[in-house]
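The next block is query_1.csv, given as CSV, C-alpha atoms.
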```csv
chain,number,residue,atom,x,y,z
A,1,MET,CA,72.5,2.2,133.0
A,2,PRO,CA,73.7,-1.0,131.4
A,3,LYS,CA,72.9,-4.2,133.3
A,4,ASN,CA,76.6,-5.1,133.6
A,5,ARG,CA,77.5,-1.9,135.3
A,6,ALA,CA,76.7,-0.5,138.7
A,7,THR,CA,77.7,2.8,140.3
A,8,THR,CA,77.9,3.7,144.0
A,9,ARG,CA,79.1,7.0,145.6
A,10,LYS,CA,81.5,6.5,148.4
A,11,GLY,CA,82.3,9.8,150.2
A,12,LYS,CA,84.3,11.9,147.8
A,13,GLY,CA,84.7,9.1,145.3
A,14,MET,CA,82.7,7.2,142.7
A,15,LEU,CA,82.8,3.4,142.7
A,16,THR,CA,81.8,1.7,139.5
A,17,LEU,CA,81.5,-2.0,138.8
A,18,PHE,CA,82.0,-3.4,135.3
A,19,ARG,CA,82.5,-6.8,133.8
A,20,ARG,CA,85.6,-7.7,131.9
A,21,GLY,CA,86.0,-11.2,130.6
A,22,GLY,CA,84.7,-13.6,133.2
A,23,ALA,CA,85.2,-11.4,136.2
A,24,TRP,CA,83.8,-8.2,137.7
A,25,TRP,CA,86.2,-5.2,138.1
A,26,PHE,CA,85.7,-2.0,140.0
A,27,ARG,CA,86.8,1.5,139.2
A,28,LEU,CA,87.3,4.1,142.0
A,29,ARG,CA,87.5,7.7,140.9
A,30,LEU,CA,88.4,10.2,143.6
A,31,SER,CA,88.1,13.9,143.9
A,32,SER,CA,91.9,14.0,144.3
A,33,GLY,CA,92.2,12.9,140.7
A,34,LEU,CA,93.1,9.3,141.4
A,35,ASP,CA,91.5,6.8,139.0
A,36,MET,CA,92.0,3.2,140.2
A,37,ARG,CA,90.8,0.0,138.4
A,38,ARG,CA,91.1,-3.4,140.0
A,39,SER,CA,89.7,-6.9,139.6
A,40,THR,CA,87.5,-8.3,142.3
A,41,GLY,CA,88.2,-11.8,141.2
A,42,GLU,CA,84.6,-12.7,141.4
A,43,GLY,CA,82.3,-13.8,138.6
A,44,ASP,CA,79.1,-13.2,140.6
A,45,LYS,CA,77.9,-9.6,140.8
A,46,GLY,CA,76.7,-9.8,144.4
A,47,ARG,CA,80.0,-11.3,145.6
A,48,ALA,CA,81.9,-8.8,143.5
A,49,GLU,CA,80.1,-5.8,145.1
A,50,LEU,CA,81.1,-7.1,148.6
A,51,ALA,CA,84.7,-7.8,147.5
A,52,ALA,CA,84.9,-4.2,146.1
A,53,LEU,CA,83.6,-2.7,149.3
A,54,ARG,CA,86.1,-4.7,151.3
A,55,ILE,CA,88.9,-3.4,149.2
A,56,VAL,CA,87.7,0.2,149.5
A,57,ALA,CA,87.3,-0.3,153.2
A,58,GLY,CA,91.0,-1.0,153.3
A,59,LEU,CA,91.6,2.5,152.0
A,60,GLU,CA,92.0,5.5,154.3
A,61,GLN,CA,88.6,7.2,154.9
A,62,ASP,CA,90.0,10.7,154.8
A,63,GLY,CA,89.5,11.5,151.1
A,64,LEU,CA,89.5,7.8,150.2
A,65,ARG,CA,93.2,7.9,149.5
A,66,PRO,CA,95.2,4.6,149.2
A,67,VAL,CA,97.0,3.5,152.3
A,68,LYS,CA,100.6,4.7,152.1
A,69,ARG,CA,103.0,2.2,150.9
A,70,PRO,CA,106.8,2.2,150.6
A,71,GLY,CA,107.8,4.4,147.7
A,72,VAL,CA,108.4,2.7,144.3
A,73,THR,CA,111.4,3.7,142.3
A,74,LEU,CA,111.5,4.5,138.6
A,75,SER,CA,113.3,1.2,137.7
A,76,GLN,CA,110.8,-0.8,139.8
A,77,LEU,CA,107.9,0.9,138.1
A,78,GLU,CA,109.4,0.1,134.7
A,79,ALA,CA,109.9,-3.5,135.7
A,80,ARG,CA,106.3,-3.8,136.9
A,81,HIS,CA,105.0,-2.2,133.8
A,82,ALA,CA,107.1,-4.5,131.6
A,83,GLU,CA,105.6,-7.5,133.4
A,84,TRP,CA,102.1,-6.0,133.0
A,85,THR,CA,102.5,-5.4,129.3
A,86,ALA,CA,104.2,-8.7,128.5
A,87,THR,CA,100.9,-10.4,127.5
A,88,ARG,CA,99.0,-7.3,126.6
A,89,HIS,CA,101.1,-5.2,124.2
A,90,THR,CA,102.9,-6.0,120.9
A,91,PRO,CA,106.7,-6.4,120.9
A,92,ALA,CA,107.1,-3.1,119.1
A,93,SER,CA,105.1,-1.3,121.7
A,94,ILE,CA,107.1,-2.8,124.5
A,95,ARG,CA,110.3,-1.8,122.9
A,96,ARG,CA,109.0,1.8,122.3
A,97,THR,CA,108.0,2.0,126.0
A,98,ALA,CA,111.5,0.8,127.1
A,99,PHE,CA,113.1,3.5,124.9
A,100,SER,CA,111.0,6.2,126.6
A,101,PHE,CA,111.7,4.9,130.1
A,102,LEU,CA,115.5,4.9,129.2
A,103,ALA,CA,115.3,8.5,128.0
A,104,LEU,CA,113.4,9.5,131.2
A,105,SER,CA,115.9,7.8,133.5
A,106,ARG,CA,118.8,9.5,131.8
A,107,PHE,CA,117.1,12.8,132.1
A,108,MET,CA,116.3,12.3,135.8
A,109,GLY,CA,119.8,11.2,136.7
A,110,SER,CA,118.4,9.2,139.6
A,111,ASP,CA,115.9,6.5,140.3
A,112,THR,CA,113.1,8.7,141.6
A,113,ILE,CA,109.7,9.0,140.1
A,114,PRO,CA,109.3,12.4,138.3
A,115,ASP,CA,106.8,15.0,139.5
A,116,ALA,CA,104.7,17.2,137.1
A,117,GLY,CA,107.5,19.7,136.8
A,118,ASP,CA,110.1,17.1,135.9
A,119,ALA,CA,107.8,15.6,133.3
A,120,GLU,CA,107.3,19.0,131.7
A,121,ARG,CA,111.0,19.7,131.6
A,122,PHE,CA,111.7,16.2,130.2
A,123,ILE,CA,109.4,16.7,127.3
A,124,GLN,CA,110.9,20.1,126.5
A,125,ALA,CA,114.4,18.7,126.7
A,126,ARG,CA,113.4,15.9,124.3
A,127,ALA,CA,112.1,18.4,121.8
A,128,ARG,CA,115.4,20.3,121.9
A,129,ASP,CA,117.7,17.3,121.8
A,130,ALA,CA,115.8,15.0,119.5
A,131,SER,CA,112.7,16.5,117.8
A,132,ALA,CA,109.2,17.6,118.6
A,133,GLY,CA,107.8,14.4,117.1
A,134,THR,CA,110.0,12.2,119.2
A,135,ALA,CA,109.0,14.3,122.3
A,136,ASN,CA,105.3,13.8,121.6
A,137,VAL,CA,105.8,10.0,121.1
A,138,ASP,CA,107.6,9.8,124.4
A,139,LEU,CA,104.8,11.9,126.0
A,140,ARG,CA,102.0,9.6,124.7
A,141,THR,CA,104.0,6.5,125.7
A,142,LEU,CA,104.9,7.6,129.2
A,143,ARG,CA,101.4,9.0,129.9
A,144,ALA,CA,99.9,5.6,129.0
A,145,ALA,CA,102.5,3.8,131.2
A,146,PHE,CA,102.0,6.0,134.2
A,147,ASN,CA,98.2,5.7,133.8
A,148,VAL,CA,98.6,1.9,134.2
A,149,ALA,CA,100.8,2.5,137.3
A,150,VAL,CA,98.0,4.7,138.8
A,151,SER,CA,95.3,2.2,137.9
A,152,CYS,CA,97.3,-0.6,139.5
A,153,GLY,CA,97.9,1.5,142.6
A,154,TRP,CA,101.7,1.6,142.2
A,155,ILE,CA,101.8,5.4,142.3
A,156,ALA,CA,99.2,8.1,143.4
A,157,GLU,CA,99.1,10.3,140.3
A,158,ASN,CA,100.4,10.6,136.8
A,159,PRO,CA,103.0,13.3,136.4
A,160,PHE,CA,102.5,13.3,132.6
A,161,GLN,CA,98.7,13.7,132.7
A,162,LYS,CA,98.6,17.5,132.2
A,163,VAL,CA,101.8,17.9,130.1
A,164,LYS,CA,100.9,19.4,126.7
A,165,ALA,CA,102.2,18.0,123.5
A,166,ILE,CA,104.8,20.0,121.5
A,167,ARG,CA,103.2,21.8,118.6
A,168,VAL,CA,104.8,20.5,115.4
A,169,PRO,CA,104.5,22.7,112.3
A,170,LYS,CA,102.9,20.9,109.4
A,171,THR,CA,105.2,20.2,106.4
A,172,GLU,CA,104.3,19.0,103.0
A,173,ARG,CA,105.3,15.4,102.6
A,174,ALA,CA,107.5,14.6,99.6
A,175,THR,CA,105.7,12.7,96.8
A,176,LEU,CA,106.5,11.2,93.5
A,177,ASP,CA,105.1,12.2,90.1
A,178,ALA,CA,103.9,9.6,87.6
A,179,GLY,CA,107.4,9.2,86.1
A,180,GLY,CA,109.0,8.8,89.6
A,181,LEU,CA,106.5,6.3,90.6
A,182,ARG,CA,107.0,4.4,87.4
A,183,ALA,CA,110.7,4.1,88.2
A,184,VAL,CA,110.1,3.0,91.8
A,185,LEU,CA,107.6,0.3,90.7
A,186,ASP,CA,110.0,-1.0,88.1
A,187,MET,CA,112.8,-1.3,90.6
A,188,ALA,CA,110.5,-3.0,93.2
A,189,ARG,CA,109.5,-5.5,90.5
A,190,ASP,CA,113.1,-6.3,89.8
A,191,MET,CA,113.6,-7.0,93.5
A,192,GLY,CA,110.6,-9.2,93.6
A,193,GLY,CA,109.0,-10.9,96.6
A,194,ASP,CA,107.5,-8.8,99.4
A,195,THR,CA,109.1,-5.6,98.1
A,196,ASP,CA,107.3,-5.9,94.8
A,197,LEU,CA,104.0,-6.5,96.5
A,198,ALA,CA,104.4,-3.8,99.2
A,199,VAL,CA,105.4,-1.0,96.8
A,200,HIS,CA,102.6,-1.8,94.4
A,201,LEU,CA,100.0,-1.9,97.2
A,202,ALA,CA,101.1,1.4,98.6
A,203,GLY,CA,101.7,3.2,95.3
A,204,LEU,CA,98.8,1.9,93.3
A,205,ALA,CA,96.1,1.5,96.0
A,206,GLY,CA,97.2,3.9,98.7
A,207,LEU,CA,97.4,1.3,101.5
A,208,ARG,CA,99.2,2.2,104.7
A,209,ALA,CA,102.2,0.2,105.8
A,210,GLY,CA,100.2,-1.6,108.5
A,211,GLU,CA,97.5,-2.5,105.9
A,212,VAL,CA,100.0,-3.8,103.5
A,213,ALA,CA,101.5,-6.0,106.2
A,214,ALA,CA,98.0,-7.3,107.2
A,215,ALA,CA,96.6,-7.7,103.7
A,216,SER,CA,95.3,-11.2,103.0
A,217,TRP,CA,94.2,-12.8,99.7
A,218,ASP,CA,90.5,-12.7,100.6
A,219,TRP,CA,90.7,-8.9,100.4
A,220,PHE,CA,91.0,-9.0,96.6
A,221,ASP,CA,88.1,-9.5,94.2
A,222,PHE,CA,89.7,-9.8,90.8
A,223,THR,CA,86.3,-10.1,89.1
A,224,ALA,CA,84.9,-6.9,90.5
A,225,GLY,CA,88.4,-5.2,90.4
A,226,THR,CA,88.4,-4.1,94.0
A,227,ILE,CA,90.4,-4.4,97.3
A,228,THR,CA,88.4,-4.5,100.5
A,229,VAL,CA,90.5,-3.4,103.5
A,230,ARG,CA,88.6,-5.4,106.1
A,231,CYS,CA,88.0,-4.3,109.7
A,232,ASP,CA,87.5,-7.6,111.6
A,233,SER,CA,88.8,-9.6,114.5
A,234,ARG,CA,92.1,-10.2,112.6
A,235,PHE,CA,92.9,-6.6,111.8
A,236,THR,CA,91.6,-3.1,112.6
A,237,PRO,CA,92.7,-0.3,110.2
A,238,LYS,CA,93.4,3.1,111.5
A,239,GLY,CA,89.9,4.4,110.5
A,240,LYS,CA,88.4,1.4,112.4
A,241,ARG,CA,86.1,0.6,109.5
A,242,SER,CA,86.3,-1.3,106.2
A,243,ARG,CA,86.7,0.4,102.9
A,244,THR,CA,86.9,-0.6,99.2
A,245,VAL,CA,89.6,0.6,96.8
A,246,PRO,CA,89.8,0.0,93.0
A,247,LEU,CA,92.4,-2.4,91.7
A,248,HIS,CA,94.8,-0.7,89.2
A,249,PRO,CA,95.7,-3.0,86.2
A,250,GLU,CA,99.4,-3.0,87.1
A,251,LEU,CA,98.5,-4.0,90.7
A,252,VAL,CA,96.5,-6.9,89.4
A,253,ALA,CA,99.5,-8.0,87.3
A,254,CYS,CA,101.7,-7.7,90.4
A,255,LEU,CA,99.3,-9.7,92.5
A,256,LEU,CA,99.0,-12.5,89.9
A,257,ARG,CA,102.8,-12.8,89.9
A,258,HIS,CA,102.7,-13.8,93.6
A,259,ARG,CA,99.2,-15.1,94.0
A,260,ARG,CA,98.5,-17.8,96.6
A,261,ASP,CA,95.1,-19.2,97.5
A,262,LEU,CA,95.0,-18.4,101.2
A,263,GLY,CA,96.8,-16.5,103.9
A,264,ARG,CA,98.6,-13.2,104.1
A,265,VAL,CA,99.9,-11.5,101.0
A,266,LEU,CA,103.3,-10.7,102.4
A,267,ARG,CA,105.3,-13.6,103.6
A,268,ALA,CA,107.1,-11.4,106.3
A,269,GLU,CA,105.4,-9.8,109.3
A,270,SER,CA,106.0,-6.3,108.0
A,271,VAL,CA,107.0,-4.2,105.1
A,272,PRO,CA,110.6,-4.9,104.0
A,273,ARG,CA,112.4,-1.8,105.2
A,274,LYS,CA,115.9,-2.5,103.9
A,275,PRO,CA,114.9,-3.0,100.3
A,276,TRP,CA,112.7,0.1,100.5
A,277,LYS,CA,115.7,2.1,101.9
A,278,LEU,CA,117.7,1.0,98.9
A,279,ILE,CA,114.9,2.2,96.5
A,280,GLN,CA,114.5,5.4,98.5
A,281,ASP,CA,118.3,6.2,98.3
A,282,THR,CA,118.4,5.4,94.6
A,283,LEU,CA,115.2,6.8,93.1
A,284,ALA,CA,113.2,8.7,95.8
A,285,PRO,CA,115.4,10.7,98.2
A,286,GLY,CA,113.3,12.2,100.9
A,287,VAL,CA,110.2,10.1,100.1
A,288,CYS,CA,109.3,7.7,102.9
A,289,PHE,CA,107.2,4.6,102.4
A,290,HIS,CA,104.1,6.5,103.5
A,291,GLY,CA,104.9,9.0,100.7
A,292,LEU,CA,103.8,6.3,98.2
A,293,ARG,CA,100.3,6.7,99.7
A,294,HIS,CA,100.5,10.4,99.2
A,295,SER,CA,101.7,9.9,95.7
A,296,CYS,CA,98.8,7.7,94.9
A,297,ALA,CA,96.3,10.2,96.2
A,298,SER,CA,98.0,13.0,94.3
A,299,LEU,CA,97.9,11.1,91.0
A,300,TRP,CA,94.2,10.1,91.6
A,301,ALA,CA,93.5,13.9,92.0
A,302,ALA,CA,95.6,14.7,88.9
A,303,ASN,CA,93.4,12.4,86.8
A,304,GLY,CA,90.1,13.8,88.0
A,305,VAL,CA,89.0,11.6,90.9
A,306,PRO,CA,86.7,13.7,93.0
A,307,PRO,CA,88.0,14.6,96.5
A,308,PHE,CA,85.1,12.8,98.3
A,309,LEU,CA,86.0,9.6,96.4
A,310,ILE,CA,89.7,9.9,97.3
A,311,GLN,CA,88.6,10.4,100.9
A,312,ALA,CA,86.7,7.1,100.8
A,313,TRP,CA,89.5,5.2,99.1
A,314,LEU,CA,92.1,6.4,101.6
A,315,GLY,CA,89.8,5.8,104.6
A,316,HIS,CA,89.8,9.4,105.9
A,317,SER,CA,87.1,10.5,108.3
A,318,SER,CA,87.6,14.2,107.4
A,319,ILE,CA,88.0,15.8,103.9
A,320,SER,CA,90.6,18.2,105.4
A,321,THR,CA,92.9,15.2,106.0
A,322,THR,CA,92.5,14.2,102.4
A,323,GLU,CA,93.4,17.7,101.3
A,324,GLY,CA,96.7,17.3,103.1
A,325,TYR,CA,97.5,14.2,101.0
A,326,VAL,CA,96.8,15.8,97.6
A,327,HIS,CA,99.7,18.0,96.5
A,328,CYS,CA,99.1,17.9,92.7
A,329,ALA,CA,96.6,20.1,90.7
A,330,ALA,CA,97.1,18.9,87.2
A,331,ILE,CA,94.7,18.8,84.2
A,332,VAL,CA,91.4,17.1,85.1
A,333,ASP,CA,90.9,13.7,83.4
A,334,PRO,CA,87.4,12.1,83.5
A,335,ARG,CA,88.9,8.7,84.2
A,336,PHE,CA,88.6,7.5,87.8
A,337,SER,CA,92.0,5.9,87.8
A,338,PHE,CA,95.4,7.4,87.2
A,339,GLY,CA,97.6,6.5,84.2
A,340,LEU,CA,101.3,5.9,84.3
A,341,PRO,CA,104.0,6.1,81.6
A,342,GLU,CA,104.3,2.8,79.7
A,343,ALA,CA,106.5,0.2,81.3
A,344,PRO,CA,109.7,-0.6,79.4
A,345,ALA,CA,108.3,-4.1,78.6
A,346,GLN,CA,105.2,-2.5,77.1
A,347,ARG,CA,107.3,-0.2,74.9
A,348,GLU,CA,109.4,-3.1,73.7
A,349,ARG,CA,106.3,-5.1,72.7
A,350,ALA,CA,104.9,-2.1,70.9
```

Final structure tokens representation of the file:
Amino acid sequence: MPKNRATTRKGKGMLTLFRRGGAWWFRLRLSSGLDMRRSTGEGDKGRAELAALRIVAGLEQDGLRPVKRPGVTLSQLEARHAEWTATRHTPASIRRTAFSFLALSRFMGSDTIPDAGDAERFIQARARDASAGTANVDLRTLRAAFNVAVSCGWIAENPFQKVKAIRVPKTERATLDAGGLRAVLDMARDMGGDTDLAVHLAGLAGLRAGEVAAASWDWFDFTAGTITVRCDSRFTPKGKRSRTVPLHPELVACLLRHRRDLGRVLRAESVPRKPWKLIQDTLAPGVCFHGLRHSCASLWAANGVPPFLIQAWLGHSSISTTEGYVHCAAIVDPRFSFGLPEAPAQRERA
């Protein structure tokens, strides 16, 4: 067992000490299913053990259940959770949680905490009224929020813990062929700024929207012709590891148009959605921004890039995930980069 962790059995529960930051915390897991985590407020392990035992001694000895407290309402739980997340979660995550709590309170029609049956019926209703994907997002969000409530001792159990996600049938994401991508890139270049950079990074390097937003100039090695999506203290990609992607010549030209020495590539905090919506409505109906990543993977495959290499460039842990991104089976080309129709400026020069 690690030196910074100690475990003791207490009746029907398991009491574990662990260090977080500068203080020792304890975790109490009970046979009833309760999983509680609290800080002892002590930096010394010996004093932390005594503090944890004093807290546990304040619990009922019959089954080690928490002492009964006045019931908390749904609105009170939401307010406590909002206060808890204020310094821990991103603004987008906080807004997403607020939307899920709002939907739950409207479904309940009262201010009572739902039970397991209510939670199951709520998710089924969300799947009918909105979509299966929305229902699953609400399920993940509320399950995490109620886990925090259980850990903090606000409620005894999580009603969403055993609710199963709605099964969503897989659909093939719409992608662009080389000509469609050529038109999208040209329109993005005319718009300029972050739109030009974002569309080229997604369509010519297969970067995710979050990676595009987090990209910094030290990711690019123009001499070697590569992009290194870095996993470090500043940014963690979805795959939780760094990867290297080749630089397409047109992407190099785009980057040089906007090059700065230091800092993030995009000036805004995220991908510009309104300009992309205009491009989507004009040239790529049904193709979302993530569809540019799919288009890039398909065109790599169409020009003979081996699947295992596409997997590495996209940062997939499984080749089956990569296969879901590749929708094109064209003539194999020995080049390890896809070609695009000539840009209008190139044709004019010729």

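Each of A:Gly315, A:Gly324, A:Gly41, A:Gly193 was checked against A:Arg230 using all atoms listed in the file; the smallest atom-to-atom distance is that of A:Gly315.
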
Which of these, A:Ala23, A:Leu204, A:Ala213, A:Val72, has the shortest distance to A:Ala48 once you count all atoms listed in the file?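 The closest residue to A:Ala48 is A:Ala23.
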
Tell me, as a list in words, which residues lie within 12 Å of A:Ala116, counting all atoms listed in the file; anything in the same chain fewer than 3 positions away does not count. Ile113, Ala119, Glu120, Arg121, Phe122, Ile123, Arg143, Phe146, Glu157, Asn158, Pro159, Phe160, Gln161, Lys162, Val163 and Lys164 of chain A

Could you list, with a cut-off of 8 Å and counting all atoms listed in the file, the residues of stretch 246-343 of chain A near stretch 216-229 of chain A, each shown with its nearest atom pair and the distance in Å rounded to one decimal, rows sorted by chain and ascending number, as a Markdown table?
```
| residue | atom | partner | partner_atom | distance |
| --- | --- | --- | --- | --- |
| A:Pro246 | CA | A:Thr226 | CA | 4.4 |
| A:Leu247 | CA | A:Thr226 | CA | 4.9 |
| A:His248 | CA | A:Gly225 | CA | 7.9 |
| A:Val252 | CA | A:Phe222 | CA | 7.5 |
| A:Arg259 | CA | A:Trp217 | CA | 7.9 |
| A:Arg260 | CA | A:Trp217 | CA | 7.3 |
| A:Asp261 | CA | A:Trp217 | CA | 6.8 |
| A:Leu262 | CA | A:Trp217 | CA | 5.9 |
| A:Gly263 | CA | A:Ser216 | CA | 5.6 |
| A:Arg264 | CA | A:Ser216 | CA | 4.0 |
| A:Val265 | CA | A:Ser216 | CA | 5.0 |
```

For the contact check between stretch 209-320 of chain A and stretch 175-179 of chain A, emit one row per residue of stretch 209-320 of chain A within 7 Å, containing the shortest atom pair and the distance in Å rounded to one decimal, counting only C-alpha atoms, chain then rising number order, as CSV.
```
residue,atom,partner,partner_atom,distance
A:Val287,CA,A:Thr175,CA,6.2
A:Gly291,CA,A:Thr175,CA,5.4
A:Leu292,CA,A:Thr175,CA,6.8
A:His294,CA,A:Thr175,CA,6.2
A:Ser295,CA,A:Thr175,CA,5.0
```

Which residues are close to A:Glu211, i.e. within 9 Å by only C-alpha atoms, leaving aside same-chain residues fewer than 2 positions away? Reply as number ranges by chain. A: 207-209, 213-215, 229, 235-238

Please provide as a count of residues only all residues within 10 Å of A:Val137, with the sequence filter that same-chain residues fewer than 4 positions apart are discarded (counting only C-alpha atoms). 10

Between A:Arg29, A:Pro306, A:Phe101, A:Gln76, smallest distance to A:Val56 by only C-alpha atoms belongs to A:Arg29

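The residue that comes closest to A:Thr321, out of A:Ile94, A:Leu28, A:Leu102, A:Ala297 and on the basis of all atoms listed in the file, is A:Ala297.
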
Which residues come within 12 Å of stretch 85-87 of chain A, counting only C-alpha atoms, excluding same-chain residues fewer than 2 positions away, as a tab-separated table (two decimals) with C-alpha atoms, in the coordinates of the input?
```
chain	number	residue	atom	x	y	z
A	78	GLU	CA	109.40	0.10	134.70
A	79	ALA	CA	109.90	-3.50	135.70
A	80	ARG	CA	106.30	-3.80	136.90
A	81	HIS	CA	105.00	-2.20	133.80
A	82	ALA	CA	107.10	-4.50	131.60
A	83	GLU	CA	105.60	-7.50	133.40
A	89	HIS	CA	101.10	-5.20	124.20
A	90	THR	CA	102.90	-6.00	120.90
A	91	PRO	CA	106.70	-6.40	120.90
A	92	ALA	CA	107.10	-3.10	119.10
A	93	SER	CA	105.10	-1.30	121.70
A	94	ILE	CA	107.10	-2.80	124.50
A	95	ARG	CA	110.30	-1.80	122.90
A	96	ARG	CA	109.00	1.80	122.30
A	97	THR	CA	108.00	2.00	126.00
A	98	ALA	CA	111.50	0.80	127.10
A	144	ALA	CA	99.90	5.60	129.00
A	145	ALA	CA	102.50	3.80	131.20
A	148	VAL	CA	98.60	1.90	134.20
A	149	ALA	CA	100.80	2.50	137.30
```

Residue with smallest distance to A:Arg106 - pool A:Cys254, A:Ala268, A:Ala125, A:Leu278, counting all atoms listed in the file: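 Among A:Cys254, A:Ala268, A:Ala125, A:Leu278, it is A:Ala125 that comes nearest to A:Arg106.
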
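Going from atom CA of A:His316 over to atom CA of A:Asp232, you cover 18.1 Å.
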
Have a look at A:Leu266, A:Ile155, A:Ala183, A:Leu50 and name the one nearest to A:Thr195; count only C-alpha atoms. A:Leu266

To one decimal place in Å, what is the distance between atom CA of A:Arg20 and atom CA of A:Ser242?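 Spanning atom CA of A:Arg20 to atom CA of A:Ser242 is a straight-line distance of 26.5 Å.
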
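Here atom CA of A:Gly71 stands at a distance of 14.2 Å from atom CA of A:Cys152.
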